[in-house]
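> Here you go, this is upload_16.cif (mmCIF, C-alpha atoms).
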```cif
data_upload
#
loop_
_atom_site.label_atom_id
_atom_site.label_comp_id
_atom_site.auth_asym_id
_atom_site.auth_seq_id
_atom_site.Cartn_x
_atom_site.Cartn_y
_atom_site.Cartn_z
CA MET Q 1 41.58 14.68 -33.13
CA LEU Q 2 42.35 16.56 -29.92
CA GLN Q 3 42.17 20.04 -31.30
CA LEU Q 4 39.22 22.31 -30.61
CA GLU Q 5 37.27 23.62 -33.53
CA PRO Q 6 35.56 26.94 -32.77
CA GLY Q 7 32.75 26.20 -35.22
CA MET Q 8 31.88 23.00 -33.42
CA LEU Q 9 31.95 24.77 -30.06
CA VAL Q 10 29.59 27.43 -31.33
CA TRP Q 11 27.22 24.90 -32.88
CA THR Q 12 27.15 22.88 -29.67
CA TRP Q 13 26.28 25.96 -27.66
CA ILE Q 14 23.60 27.03 -30.07
CA THR Q 15 22.11 23.55 -30.17
CA PHE Q 16 22.30 23.13 -26.41
CA VAL Q 17 20.68 26.47 -25.67
CA ALA Q 18 18.00 25.86 -28.28
CA VAL Q 19 17.23 22.42 -26.87
CA LEU Q 20 17.20 23.85 -23.35
CA LEU Q 21 14.76 26.60 -24.30
CA VAL Q 22 12.44 24.36 -26.28
CA LEU Q 23 12.47 21.65 -23.65
CA TRP Q 24 11.80 24.31 -21.03
CA LYS Q 25 8.60 25.17 -22.81
CA VAL Q 26 7.63 21.68 -23.90
CA ALA Q 27 8.81 19.55 -21.01
CA TRP Q 28 10.27 21.09 -17.90
CA LYS Q 29 7.54 23.58 -17.21
CA PRO Q 30 4.56 21.20 -17.60
CA LEU Q 31 6.42 18.26 -16.07
CA LEU Q 32 7.85 19.98 -13.03
CA GLY Q 33 4.70 22.03 -12.62
CA ALA Q 34 2.57 18.88 -12.60
CA VAL Q 35 4.97 17.20 -10.19
CA GLU Q 36 4.93 20.24 -7.93
CA SER Q 37 1.15 20.45 -7.87
CA ARG Q 38 0.90 16.71 -7.35
CA GLU Q 39 3.33 16.83 -4.46
CA ASN Q 40 1.37 19.70 -2.96
CA ARG Q 41 -1.84 17.77 -3.39
CA ILE Q 42 -0.39 14.68 -1.79
CA ASN Q 43 0.94 16.72 1.12
CA ASP Q 44 -2.43 18.42 1.47
CA SER Q 45 -4.22 15.08 1.39
CA LEU Q 46 -1.88 13.65 4.00
CA GLN Q 47 -2.39 16.71 6.16
CA LYS Q 48 -6.13 16.46 5.73
CA ALA Q 49 -6.11 12.76 6.52
CA GLU Q 50 -4.10 13.46 9.65
CA ASN Q 51 -6.51 16.19 10.69
CA ALA Q 52 -9.47 13.94 10.01
CA ARG Q 53 -7.88 11.19 12.07
CA GLN Q 54 -7.32 13.52 14.99
CA GLU Q 55 -10.85 14.84 14.65
CA ALA Q 56 -12.21 11.30 14.62
CA GLU Q 57 -10.19 10.39 17.66
CA LYS Q 58 -11.48 13.43 19.48
CA LEU Q 59 -15.03 12.58 18.52
CA LEU Q 60 -14.55 9.01 19.60
CA ALA Q 61 -13.25 10.13 22.97
CA GLN Q 62 -16.19 12.46 23.29
CA GLN Q 63 -18.65 9.74 22.40
CA GLN Q 64 -17.06 7.36 24.84
CA GLU Q 65 -17.29 9.97 27.52
CA LYS Q 66 -20.92 10.57 26.70
CA LEU Q 67 -21.58 6.86 26.65
CA ALA Q 68 -19.99 6.46 30.06
CA ALA Q 69 -22.06 9.34 31.41
CA ALA Q 70 -25.21 7.82 29.96
CA GLN Q 71 -24.30 4.47 31.46
CA GLN Q 72 -23.88 6.08 34.82
CA GLU Q 73 -27.15 7.89 34.49
CA ILE Q 74 -28.93 4.70 33.55
CA GLN Q 75 -27.36 2.95 36.49
CA GLY Q 76 -28.63 5.71 38.74
CA MET Q 77 -32.07 5.55 37.23
CA ILE Q 78 -32.27 1.82 37.66
CA LYS Q 79 -31.23 2.15 41.27
CA GLU Q 80 -33.78 4.85 41.86
CA ALA Q 81 -36.51 2.84 40.15
CA ARG Q 82 -35.63 -0.17 42.21
CA GLN Q 83 -35.87 1.88 45.36
CA THR Q 84 -39.18 3.35 44.29
CA ALA Q 85 -40.50 -0.08 43.46
CA GLU Q 86 -39.32 -1.40 46.80
CA LYS Q 87 -41.03 1.40 48.60
CA MET Q 88 -44.18 0.99 46.57
CA ARG Q 89 -44.26 -2.72 47.33
CA ALA Q 90 -43.83 -2.07 51.00
CA ASP Q 91 -46.58 0.57 50.90
CA LEU Q 92 -48.87 -1.71 49.01
CA LEU Q 93 -48.21 -4.54 51.40
CA GLU Q 94 -48.85 -2.26 54.31
CA GLN Q 95 -52.05 -1.00 52.75
CA ALA Q 96 -53.21 -4.49 51.95
CA ARG Q 97 -52.52 -5.57 55.47
CA ALA Q 98 -54.40 -2.58 56.83
CA ASP Q 99 -57.30 -3.23 54.46
CA ALA Q 100 -57.44 -6.84 55.50
CA GLU Q 101 -57.38 -5.77 59.12
CA LYS Q 102 -60.19 -3.35 58.47
CA VAL Q 103 -62.26 -6.00 56.68
CA LYS Q 104 -61.65 -8.40 59.50
CA GLU Q 105 -62.63 -5.76 62.02
CA ARG Q 106 -65.83 -4.96 60.23
CA ALA Q 107 -66.69 -8.64 59.90
CA ARG Q 108 -66.14 -9.03 63.59
CA SER Q 109 -68.35 -6.10 64.45
CA ASP Q 110 -70.98 -7.35 62.03
CA ILE Q 111 -70.93 -10.70 63.74
CA GLU Q 112 -71.10 -8.99 67.07
CA LYS Q 113 -74.10 -6.97 65.97
CA GLU Q 114 -75.77 -9.98 64.48
CA ARG Q 115 -75.27 -11.85 67.66
CA ASP Q 116 -76.74 -9.05 69.73
CA MET Q 117 -79.69 -8.86 67.44
CA MET Q 118 -80.10 -12.61 67.63
CA MET Q 119 -79.87 -12.40 71.34
CA VAL Q 120 -82.64 -9.81 71.46
CA SER Q 121 -84.93 -11.75 69.20
CA LEU Q 122 -84.10 -14.95 71.06
CA LYS Q 123 -85.04 -13.24 74.29
CA GLN Q 124 -88.31 -12.18 72.73
CA GLU Q 125 -88.92 -15.64 71.44
CA VAL Q 126 -88.16 -17.20 74.81
CA ALA Q 127 -90.40 -14.69 76.59
CA ASP Q 128 -93.22 -15.44 74.17
CA LEU Q 129 -92.68 -19.16 74.57
CA VAL Q 130 -92.62 -18.92 78.34
CA LEU Q 131 -95.72 -16.78 78.31
CA GLU Q 132 -97.54 -19.21 76.09
CA THR Q 133 -96.49 -22.21 78.07
CA THR Q 134 -97.29 -20.58 81.35
CA SER Q 135 -100.71 -19.52 80.14
CA LYS Q 136 -101.34 -23.03 78.81
CA LEU Q 137 -100.23 -24.48 82.13
CA LEU Q 138 -102.23 -22.05 84.17
CA GLY Q 139 -105.12 -22.34 81.84
CA VAL Q 140 -105.56 -18.72 81.79
CA ALA Q 141 -104.36 -16.17 79.54
CA VAL Q 142 -101.57 -14.37 81.05
CA ASP Q 143 -101.73 -10.76 80.40
CA LYS Q 144 -98.88 -10.22 78.17
CA ALA Q 145 -98.36 -6.67 79.12
CA ARG Q 146 -98.54 -7.46 82.80
CA HIS Q 147 -95.94 -10.18 82.80
CA GLN Q 148 -93.63 -8.95 80.27
CA LYS Q 149 -91.50 -7.22 82.85
CA ILE Q 150 -91.10 -10.31 84.99
CA ILE Q 151 -90.03 -12.43 82.05
CA ASP Q 152 -87.67 -9.88 80.76
CA ASP Q 153 -86.03 -9.61 84.14
CA SER Q 154 -85.60 -13.33 84.48
CA ILE Q 155 -84.18 -13.65 81.00
CA ALA Q 156 -81.82 -10.84 81.70
CA GLY Q 157 -80.80 -12.65 84.83
CA PHE Q 158 -80.41 -15.83 82.81
CA GLY Q 159 -78.31 -14.06 80.28
CA GLN Q 160 -76.13 -12.59 82.96
CA LYS Q 161 -75.53 -15.97 84.51
CA ASN Q 162 -74.04 -17.24 81.34
CA MET N 1 33.33 -0.37 -44.59
CA SER N 2 34.51 -3.66 -45.94
CA SER N 3 36.11 -3.09 -49.31
CA ALA N 4 38.07 0.03 -48.41
CA LEU N 5 39.14 -1.53 -45.15
CA LEU N 6 40.10 -4.73 -46.87
CA ARG N 7 42.42 -2.87 -49.14
CA SER N 8 43.96 -0.64 -46.51
CA GLY N 9 43.96 -3.31 -43.84
CA THR N 10 45.52 -6.25 -45.56
CA GLU N 11 47.32 -5.13 -48.65
CA GLU N 12 48.77 -1.71 -48.02
CA HIS N 13 49.71 -0.79 -44.45
CA GLY N 14 48.76 -3.72 -42.25
CA GLU N 15 47.40 -2.70 -38.85
CA GLY N 16 48.32 0.96 -39.29
CA GLY N 17 45.76 1.12 -42.04
CA LEU N 18 43.07 -0.27 -39.77
CA GLY N 19 43.88 2.24 -37.03
CA GLU N 20 43.71 5.08 -39.47
CA TYR N 21 40.43 3.81 -40.78
CA ILE N 22 38.97 3.64 -37.31
CA LEU N 23 40.13 7.16 -36.45
CA HIS N 24 38.76 8.47 -39.68
CA HIS N 25 35.47 6.78 -39.00
CA LEU N 26 35.18 8.25 -35.54
CA SER N 27 36.18 11.79 -36.43
CA ASP N 28 33.95 14.51 -37.73
CA SER N 29 33.34 14.79 -41.44
CA ASN N 30 31.55 16.87 -43.98
CA GLN N 31 29.29 14.18 -45.30
CA TRP N 32 26.67 11.79 -44.07
CA LEU N 33 25.51 8.70 -45.95
CA GLY N 34 27.36 9.97 -48.98
CA THR N 35 25.60 13.35 -48.94
CA HIS N 36 27.79 16.42 -48.68
CA LEU N 37 26.80 18.72 -45.86
CA PRO N 38 26.78 22.49 -46.32
CA VAL N 39 30.09 24.24 -45.74
CA ILE N 40 29.72 27.66 -44.17
CA LYS N 41 32.87 29.72 -43.98
CA PHE N 42 33.14 33.45 -43.79
CA ASN N 43 35.56 36.18 -42.90
CA LEU N 44 34.92 38.29 -39.87
CA LEU N 45 37.44 41.06 -39.17
CA GLY N 46 40.23 39.15 -40.83
CA THR N 47 39.62 35.81 -39.11
CA GLU N 48 38.09 32.98 -40.98
CA ILE N 49 35.13 31.51 -39.17
CA ASP N 50 34.07 27.97 -39.98
CA LEU N 51 30.45 27.32 -39.14
CA SER N 52 30.03 24.34 -41.44
CA ILE N 53 27.26 21.93 -40.70
CA THR N 54 29.39 18.90 -40.05
CA LEU N 55 28.33 15.35 -39.32
CA HIS N 56 28.53 15.89 -35.58
CA VAL N 57 26.50 19.11 -35.74
CA LEU N 58 23.87 17.11 -37.57
CA MET N 59 24.00 14.46 -34.83
CA LEU N 60 23.56 17.10 -32.14
CA TRP N 61 20.51 18.32 -33.99
CA PHE N 62 19.13 14.82 -34.34
CA ALA N 63 19.59 14.19 -30.65
CA GLY N 64 18.00 17.51 -29.74
CA ALA N 65 15.10 17.03 -32.14
CA LEU N 66 14.53 13.51 -30.83
CA LEU N 67 14.45 14.76 -27.26
CA ILE N 68 12.07 17.57 -28.08
CA LEU N 69 9.79 15.25 -30.03
CA MET N 70 9.81 12.67 -27.27
CA PHE N 71 9.03 15.18 -24.53
CA TRP N 72 6.51 17.04 -26.62
CA LEU N 73 4.59 13.84 -27.37
CA SER N 74 4.72 12.82 -23.73
CA PHE N 75 3.71 16.06 -22.10
CA ARG N 76 1.38 17.53 -24.69
CA LYS N 77 -1.65 16.82 -22.58
CA PRO N 78 -1.12 17.64 -18.94
CA ARG N 79 -2.00 14.74 -16.67
CA MET N 80 -1.99 14.44 -12.92
CA VAL N 81 -0.33 11.04 -13.12
CA PRO N 82 1.76 10.43 -16.25
CA ARG N 83 1.48 7.16 -18.14
CA GLY N 84 3.77 5.17 -20.41
CA LEU N 85 6.82 6.98 -21.73
CA ALA N 86 5.86 10.14 -19.85
CA GLY N 87 6.07 8.17 -16.62
CA VAL N 88 9.55 6.93 -17.45
CA LEU N 89 10.73 10.41 -18.44
CA GLU N 90 9.21 11.89 -15.31
CA THR N 91 10.95 9.31 -13.15
CA VAL N 92 14.29 10.21 -14.70
CA VAL N 93 13.68 13.95 -14.35
CA LEU N 94 12.67 13.44 -10.72
CA PHE N 95 15.80 11.37 -10.23
CA VAL N 96 17.83 14.29 -11.57
CA ARG N 97 15.94 16.64 -9.25
CA ASP N 98 15.90 14.57 -6.06
CA GLU N 99 19.13 12.56 -6.32
CA ILE N 100 21.41 14.89 -8.27
CA ALA N 101 20.32 18.52 -8.03
CA ILE N 102 18.92 18.87 -4.51
CA PRO N 103 21.56 16.86 -2.59
CA ASN N 104 24.43 18.69 -4.29
CA ILE N 105 23.08 22.19 -4.71
CA GLY N 106 20.43 22.49 -2.05
CA GLU N 107 16.66 22.59 -2.00
CA ASN N 108 16.00 26.00 -3.52
CA LEU N 109 18.70 26.47 -6.11
CA GLY N 110 18.61 22.76 -6.88
CA LYS N 111 14.97 22.99 -7.87
CA ARG N 112 15.67 26.06 -9.98
CA LEU N 113 18.55 24.36 -11.78
CA THR N 114 16.75 21.07 -12.37
CA PRO N 115 15.67 22.03 -15.90
CA PHE N 116 19.25 22.89 -16.83
CA LEU N 117 20.66 19.70 -15.31
CA ALA N 118 17.94 17.56 -16.86
CA THR N 119 18.70 19.09 -20.25
CA VAL N 120 22.41 18.35 -19.79
CA PHE N 121 21.61 14.77 -18.84
CA PHE N 122 19.16 14.07 -21.64
CA PHE N 123 21.18 15.90 -24.26
CA ILE N 124 24.36 13.98 -23.49
CA LEU N 125 22.44 10.72 -23.14
CA GLY N 126 20.73 11.36 -26.46
CA CYS N 127 24.05 11.99 -28.24
CA ASN N 128 25.63 8.95 -26.58
CA LEU N 129 22.80 6.63 -27.54
CA LEU N 130 22.50 8.02 -31.06
CA GLY N 131 26.09 7.01 -31.65
CA LEU N 132 25.21 3.42 -30.87
CA ILE N 133 22.82 3.21 -33.81
CA PRO N 134 24.44 2.22 -37.10
CA ILE N 135 24.81 4.99 -39.74
CA PHE N 136 24.62 7.59 -36.98
CA SER N 137 27.68 9.05 -35.34
CA THR N 138 28.62 9.95 -31.79
CA ALA N 139 28.79 13.70 -31.31
CA THR N 140 30.03 13.30 -27.75
CA ALA N 141 33.08 11.48 -29.10
CA ASN N 142 34.18 14.85 -30.42
CA ILE N 143 36.40 16.81 -28.02
CA SER N 144 34.98 20.11 -29.25
CA VAL N 145 31.47 19.05 -28.31
CA THR N 146 32.42 17.83 -24.84
CA ALA N 147 34.63 20.86 -24.26
CA SER N 148 31.76 23.08 -25.24
CA LEU N 149 29.44 21.35 -22.79
CA ALA N 150 32.10 21.48 -20.08
CA LEU N 151 32.43 25.21 -20.74
CA VAL N 152 28.71 25.55 -20.17
CA THR N 153 29.22 23.86 -16.81
CA PHE N 154 32.17 26.16 -16.11
CA MET N 155 30.11 29.27 -16.91
CA MET N 156 27.17 28.09 -14.82
CA THR N 157 29.51 27.33 -11.93
CA GLN N 158 31.07 30.80 -11.97
CA LEU N 159 27.73 32.48 -12.60
CA TYR N 160 25.93 30.84 -9.70
CA GLY N 161 28.97 31.07 -7.46
CA MET N 162 28.96 34.84 -7.90
CA LYS N 163 25.18 35.13 -7.89
CA GLU N 164 24.72 33.24 -4.64
CA ASN N 165 27.65 34.74 -2.72
CA GLY N 166 28.26 38.08 -4.35
CA VAL N 167 31.21 38.62 -6.67
CA VAL N 168 33.77 39.63 -4.04
CA ALA N 169 32.75 37.01 -1.50
CA TYR N 170 32.87 34.30 -4.14
CA TRP N 171 36.46 35.00 -5.12
CA LYS N 172 37.44 35.43 -1.47
CA HIS N 173 35.98 32.05 -0.57
CA LEU N 174 37.71 30.32 -3.42
CA VAL N 175 40.35 29.33 -0.87
CA PRO N 176 38.75 27.81 2.25
CA SER N 177 39.02 30.24 5.17
CA SER N 178 40.44 27.50 7.40
CA VAL N 179 43.70 27.43 5.41
CA PRO N 180 46.60 29.04 7.39
CA TRP N 181 47.98 32.22 5.85
CA PHE N 182 51.40 30.86 4.99
CA LEU N 183 49.84 28.26 2.70
CA LEU N 184 48.04 30.90 0.68
CA PRO N 185 50.82 31.35 -1.89
CA ILE N 186 50.39 27.68 -2.75
CA MET N 187 46.65 27.40 -2.30
CA ILE N 188 45.63 30.36 -4.43
CA PRO N 189 47.27 29.09 -7.63
CA ILE N 190 46.01 25.58 -6.92
CA GLU N 191 42.45 26.74 -6.47
CA ILE N 192 42.58 28.90 -9.57
CA LEU N 193 44.03 26.01 -11.52
CA SER N 194 41.35 23.69 -10.21
CA LEU N 195 38.71 26.04 -11.59
CA PHE N 196 39.94 25.03 -15.01
CA THR N 197 40.98 21.45 -14.41
CA LYS N 198 37.46 20.53 -13.32
CA PRO N 199 35.77 21.31 -16.63
CA PHE N 200 38.81 20.02 -18.48
CA ALA N 201 38.49 16.65 -16.75
CA LEU N 202 34.76 16.73 -17.44
CA ALA N 203 35.34 17.22 -21.16
CA MET N 204 38.10 14.63 -21.39
CA ARG N 205 36.21 11.98 -19.45
CA LEU N 206 33.12 12.10 -21.62
CA PHE N 207 35.12 12.30 -24.83
CA ALA N 208 37.48 9.47 -23.91
CA ASN N 209 34.70 7.20 -22.69
CA MET N 210 32.65 7.65 -25.80
CA ILE N 211 35.51 7.24 -28.23
CA ALA N 212 37.01 4.26 -26.41
CA GLY N 213 34.00 2.00 -26.73
CA HIS N 214 33.60 2.73 -30.42
CA THR N 215 37.29 2.17 -31.02
CA VAL N 216 37.14 -1.20 -29.33
CA ILE N 217 34.09 -2.25 -31.34
CA TYR N 218 35.70 -1.20 -34.62
CA ALA N 219 38.95 -2.86 -33.67
CA LEU N 220 37.22 -6.12 -32.81
CA LEU N 221 35.27 -6.10 -36.05
CA GLY N 222 38.42 -5.10 -37.92
CA LEU N 223 40.10 -8.24 -36.66
CA ILE N 224 37.93 -10.22 -39.03
CA ILE N 225 39.41 -8.33 -41.97
CA VAL N 226 42.96 -8.27 -40.65
CA LEU N 227 43.00 -11.97 -39.89
CA ALA N 228 41.03 -12.67 -43.08
CA SER N 229 39.50 -15.70 -41.46
CA TYR N 230 35.97 -16.97 -40.98
CA VAL N 231 36.96 -18.42 -37.63
CA ALA N 232 37.59 -14.94 -36.28
CA ALA N 233 34.13 -13.70 -37.21
CA PRO N 234 31.97 -15.33 -34.50
CA VAL N 235 34.50 -14.49 -31.80
CA SER N 236 34.83 -10.90 -32.95
CA VAL N 237 31.10 -10.41 -33.25
CA ALA N 238 30.48 -11.92 -29.84
CA PHE N 239 33.06 -9.67 -28.22
CA ALA N 240 31.82 -6.65 -30.14
CA MET N 241 28.31 -7.36 -28.96
CA ALA N 242 29.47 -7.56 -25.37
CA ILE N 243 31.26 -4.24 -25.77
CA TYR N 244 28.13 -2.81 -27.36
CA PHE N 245 26.10 -3.61 -24.27
CA LEU N 246 28.87 -2.20 -22.13
CA GLU N 247 28.71 0.96 -24.23
CA LEU N 248 24.97 1.11 -23.70
CA PHE N 249 25.66 1.14 -19.97
CA VAL N 250 28.50 3.64 -20.37
CA ALA N 251 26.21 5.96 -22.35
CA PHE N 252 23.91 6.24 -19.33
CA LEU N 253 26.75 6.25 -16.85
CA GLN N 254 28.66 9.08 -18.51
CA ALA N 255 25.55 11.21 -18.92
CA TYR N 256 24.89 10.64 -15.22
CA ILE N 257 28.48 11.42 -14.22
CA PHE N 258 28.58 14.58 -16.30
CA THR N 259 25.33 15.76 -14.73
CA ILE N 260 26.23 14.90 -11.16
CA LEU N 261 29.67 16.54 -11.47
CA THR N 262 28.09 19.62 -12.98
CA SER N 263 25.69 19.87 -10.07
CA LEU N 264 28.49 19.17 -7.62
CA PHE N 265 30.64 21.98 -9.05
CA ILE N 266 27.74 24.40 -9.02
CA GLY N 267 26.87 23.37 -5.48
CA MET N 268 30.47 23.82 -4.34
CA ALA N 269 30.62 27.27 -5.90
CA ALA N 270 27.24 28.30 -4.50
CA HIS N 271 27.97 27.10 -0.95
CA PRO N 272 31.77 27.39 -0.63
CA GLU N 273 32.07 26.49 3.05
CA HIS N 274 30.36 23.13 2.81
#
```
Could you show the structure in this file as structure tokens?

Amino acid sequence: MLQLEPGMLVWTWITFVAVLLVLWKVAWKPLLGAVESRENRINDSLQKAENARQEAEKLLAQQQEKLAAAQQEIQGMIKEARQTAEKMRADLLEQARADAEKVKERARSDIEKERDMMMVSLKQEVADLVLETTSKLLGVAVDKARHQKIIDDSIAGFGQKN
Amino acid sequence: MSSALLRSGTEEHGEGGLGEYILHHLSDSNQWLGTHLPVIKFNLLGTEIDLSITLHVLMLWFAGALLILMFWLSFRKPRMVPRGLAGVLETVVLFVRDEIAIPNIGENLGKRLTPFLATVFFFILGCNLLGLIPIFSTATANISVTASLALVTFMMTQLYGMKENGVVAYWKHLVPSSVPWFLLPIMIPIEILSLFTKPFALAMRLFANMIAGHTVIYALLGLIIVLASYVAAPVSVAFAMAIYFLELFVAFLQAYIFTILTSLFIGMAAHPEH
């Protein structure tokens, strides 16, 4: 039972080598090749995923930076707008006040003018009235042209006394 | 087995007859299932060469054919991700590559030798498992077969040792360079001897493991005949079944051990200083 038989040794070798060669063609090459390519693909995918992640992080940082810049800009714009509005309001107020002043001024001068005119016509009226009354009292017609000066002077004096 | 065993076991020689029967049953023969296998003998330069197709040669062929068929069916169509049996086979091959070849031999050479190591593993496993099926026989329970496989390991070890280091450097590094000079007269013969004891142990281990389990199963079943009692039958069968499952485990274990030792020896020869 423990003795070596050369025939058996030879047959084992032949069988083993034959199995090895056939399996090489049928199994090892396709199997290990597929495994190799799969491993490569997985490694590639992992690498790609890692790259994509880094890229995304970079983009995110960029976006955040941009967002912060935009925020700042907006803040600035709002401030500026507020200032402009403030100034505009003040201007408008000033203008309105000035306009009102002007209107008031004009009204006053109008009144003044009106009053003067009234005064003149009143003087005329009074002179006419005095003339008429005097002529009625005297019974004669007072020459209007002759007495006009006297009446005017007295009215002027009257006006000045006030 | 019963009638012949009954005669030899109980009437003629007692337990000696049973032992003989078991040994006969486990050894190689020239017939299978009653069919005589071809006997090939010829004379070459005065020596008679016996290349008969014996039972165990036939079993080697069966195992090989089964492996080829299994792998061919599984990997006929290339797939990115294997399914079913192909997935199982791939897992085992990757186990051989990542847990046996690469740790022991190194990344590069380990990957190159994976096909060889996987063939060793599957071939031995196939022979081991074939022997567990009734009417088939265990080729790896034949010392010539295991010796032949161990010689393949031996050749690969020397070949890759010399290929990786160069012929001169390989033989120079056979003895570790850290050994003091006065120990060399002892170390050199020891190292040379160990070149041969390694494959010898490899052959003996596989052979002994495979023959032991079968012997125990036959012996347990033979008890039924020897004791000639129905009471013995359930006990014997139960024990034999337990041993059968153990053998199933041993079939895988021994294929694994043979493969891992082969890769270890090759790795040691390829990188002597590690």
> With the file shown as input, list the residues that the PyMOL selection byres ((chain N and resi 106) around 12) selects, as a PyMOL selection string.
chain N and resi 97-105+107-114+164+263-264+266-271+274
> Could you give me, as a Markdown table, a per-residue list for chain Q showing, wherever an atom lies at most 8 Å from an atom of chain N, the closest pair of atoms and their distance in Å to one decimal, using all atoms listed in the file and sorting by chain then residue number from low to high?

```
| residue | atom | partner | partner_atom | distance |
| --- | --- | --- | --- | --- |
| Q:Met1 | CA | N:Ser27 | CA | 7.0 |
| Q:Leu2 | CA | N:Ile143 | CA | 6.3 |
| Q:Gln3 | CA | N:Ile143 | CA | 7.4 |
| Q:Leu4 | CA | N:Ser144 | CA | 5.0 |
| Q:Glu5 | CA | N:Ser144 | CA | 6.0 |
| Q:Pro6 | CA | N:Asp50 | CA | 7.4 |
| Q:Gly7 | CA | N:Leu51 | CA | 4.7 |
| Q:Met8 | CA | N:Ser144 | CA | 5.9 |
| Q:Leu9 | CA | N:Ser148 | CA | 5.1 |
| Q:Val10 | CA | N:Ser148 | CA | 7.8 |
| Q:Trp11 | CA | N:Val57 | CA | 6.5 |
| Q:Thr12 | CA | N:Val145 | CA | 5.9 |
| Q:Trp13 | CA | N:Ser148 | CA | 6.6 |
| Q:Thr15 | CA | N:Trp61 | CA | 6.7 |
| Q:Phe16 | CA | N:Phe123 | CA | 7.6 |
| Q:Val19 | CA | N:Gly64 | CA | 5.7 |
| Q:Leu20 | CA | N:Thr119 | CA | 5.9 |
| Q:Val22 | CA | N:Ile68 | CA | 7.0 |
| Q:Leu23 | CA | N:Ile68 | CA | 6.0 |
| Q:Trp24 | CA | N:Pro115 | CA | 6.8 |
| Q:Val26 | CA | N:Trp72 | CA | 5.5 |
| Q:Ala27 | CA | N:Phe71 | CA | 5.6 |
| Q:Trp28 | CA | N:Pro115 | CA | 5.8 |
| Q:Pro30 | CA | N:Pro78 | CA | 6.8 |
| Q:Leu31 | CA | N:Phe75 | CA | 7.0 |
| Q:Ala34 | CA | N:Met80 | CA | 6.4 |
| Q:Val35 | CA | N:Met80 | CA | 8.0 |
| Q:Arg38 | CA | N:Met80 | CA | 6.7 |
```
> List the spatial neighbours of segment 190-199 of chain N as a PDB file with C-alpha atoms, in the frame of the given file - criterion: any atom at most 10 Å away, only C-alpha atoms, same-chain residues fewer than 3 positions off excluded.

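out.pdb, freshly written:
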```pdb
ATOM      1  CA  THR N 146      32.420  17.830 -24.840  1.00  0.00           C
ATOM      2  CA  ALA N 147      34.630  20.860 -24.260  1.00  0.00           C
ATOM      3  CA  SER N 148      31.760  23.080 -25.240  1.00  0.00           C
ATOM      4  CA  LEU N 149      29.440  21.350 -22.790  1.00  0.00           C
ATOM      5  CA  ALA N 150      32.100  21.480 -20.080  1.00  0.00           C
ATOM      6  CA  LEU N 151      32.430  25.210 -20.740  1.00  0.00           C
ATOM      7  CA  VAL N 152      28.710  25.550 -20.170  1.00  0.00           C
ATOM      8  CA  THR N 153      29.220  23.860 -16.810  1.00  0.00           C
ATOM      9  CA  PHE N 154      32.170  26.160 -16.110  1.00  0.00           C
ATOM     10  CA  MET N 155      30.110  29.270 -16.910  1.00  0.00           C
ATOM     11  CA  THR N 157      29.510  27.330 -11.930  1.00  0.00           C
ATOM     12  CA  GLN N 158      31.070  30.800 -11.970  1.00  0.00           C
ATOM     13  CA  TRP N 171      36.460  35.000  -5.120  1.00  0.00           C
ATOM     14  CA  LEU N 174      37.710  30.320  -3.420  1.00  0.00           C
ATOM     15  CA  VAL N 175      40.350  29.330  -0.870  1.00  0.00           C
ATOM     16  CA  PRO N 176      38.750  27.810   2.250  1.00  0.00           C
ATOM     17  CA  LEU N 184      48.040  30.900   0.680  1.00  0.00           C
ATOM     18  CA  PRO N 185      50.820  31.350  -1.890  1.00  0.00           C
ATOM     19  CA  ILE N 186      50.390  27.680  -2.750  1.00  0.00           C
ATOM     20  CA  MET N 187      46.650  27.400  -2.300  1.00  0.00           C
ATOM     21  CA  LEU N 202      34.760  16.730 -17.440  1.00  0.00           C
ATOM     22  CA  ALA N 203      35.340  17.220 -21.160  1.00  0.00           C
ATOM     23  CA  MET N 204      38.100  14.630 -21.390  1.00  0.00           C
ATOM     24  CA  ARG N 205      36.210  11.980 -19.450  1.00  0.00           C
ATOM     25  CA  PHE N 258      28.580  14.580 -16.300  1.00  0.00           C
ATOM     26  CA  LEU N 261      29.670  16.540 -11.470  1.00  0.00           C
ATOM     27  CA  THR N 262      28.090  19.620 -12.980  1.00  0.00           C
ATOM     28  CA  PHE N 265      30.640  21.980  -9.050  1.00  0.00           C
ATOM     29  CA  ALA N 269      30.620  27.270  -5.900  1.00  0.00           C
TER      30      ALA N 269
END
```
> Any idea what the distance is between atom CA of Phe249 of chain N and atom CA of Ile14 of chain Q?
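Computing the Euclidean distance for atom CA of Phe249 of chain N and atom CA of Ile14 of chain Q yields 27.9 Å.
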> Just want the 9 Å neighbourhood of Gly213 of chain N, counted on only C-alpha atoms, with same-chain residues fewer than 6 positions away dropped. Output as a PyMOL selection string.
chain N and resi 243-244+246-247+250
> For a quick check of understanding, using only C-alpha atoms, which of N:Arg83, N:Val96, N:Val88, N:Ile135 has the smallest distance to Gln31 of chain N?
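Looking only at the distances to Gln31 of chain N, the closest residue turns out to be N:Ile135.
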> Quote the spacing between atom CA of Ala68 of chain Q and atom CA of Ala85 of chain Q in Å to one decimal place.
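Spanning atom CA of Ala68 of chain Q to atom CA of Ala85 of chain Q is a straight-line distance of 25.4 Å.
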> Between atom CA of Asp128 of chain Q and atom CA of Asp110 of chain Q, what is the spacing in Å?
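Separation of atom CA of Asp110 of chain Q and atom CA of Asp128 of chain Q: 26.6 Å.
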> I'd like the contact shell of Val126 of chain Q - 12 Å cut-off, all atoms listed in the file, skipping same-chain residues fewer than 5 positions apart - returned as a list in words.
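Once the adjacent positions are removed, what remains is Met118, Met119, Val120, Ser121, Leu131, Glu132, Thr133, Thr134, Gln148, Ile151, Asp152, Ser154, Ile155, Ala156, Phe158 and Gly159 of chain Q.
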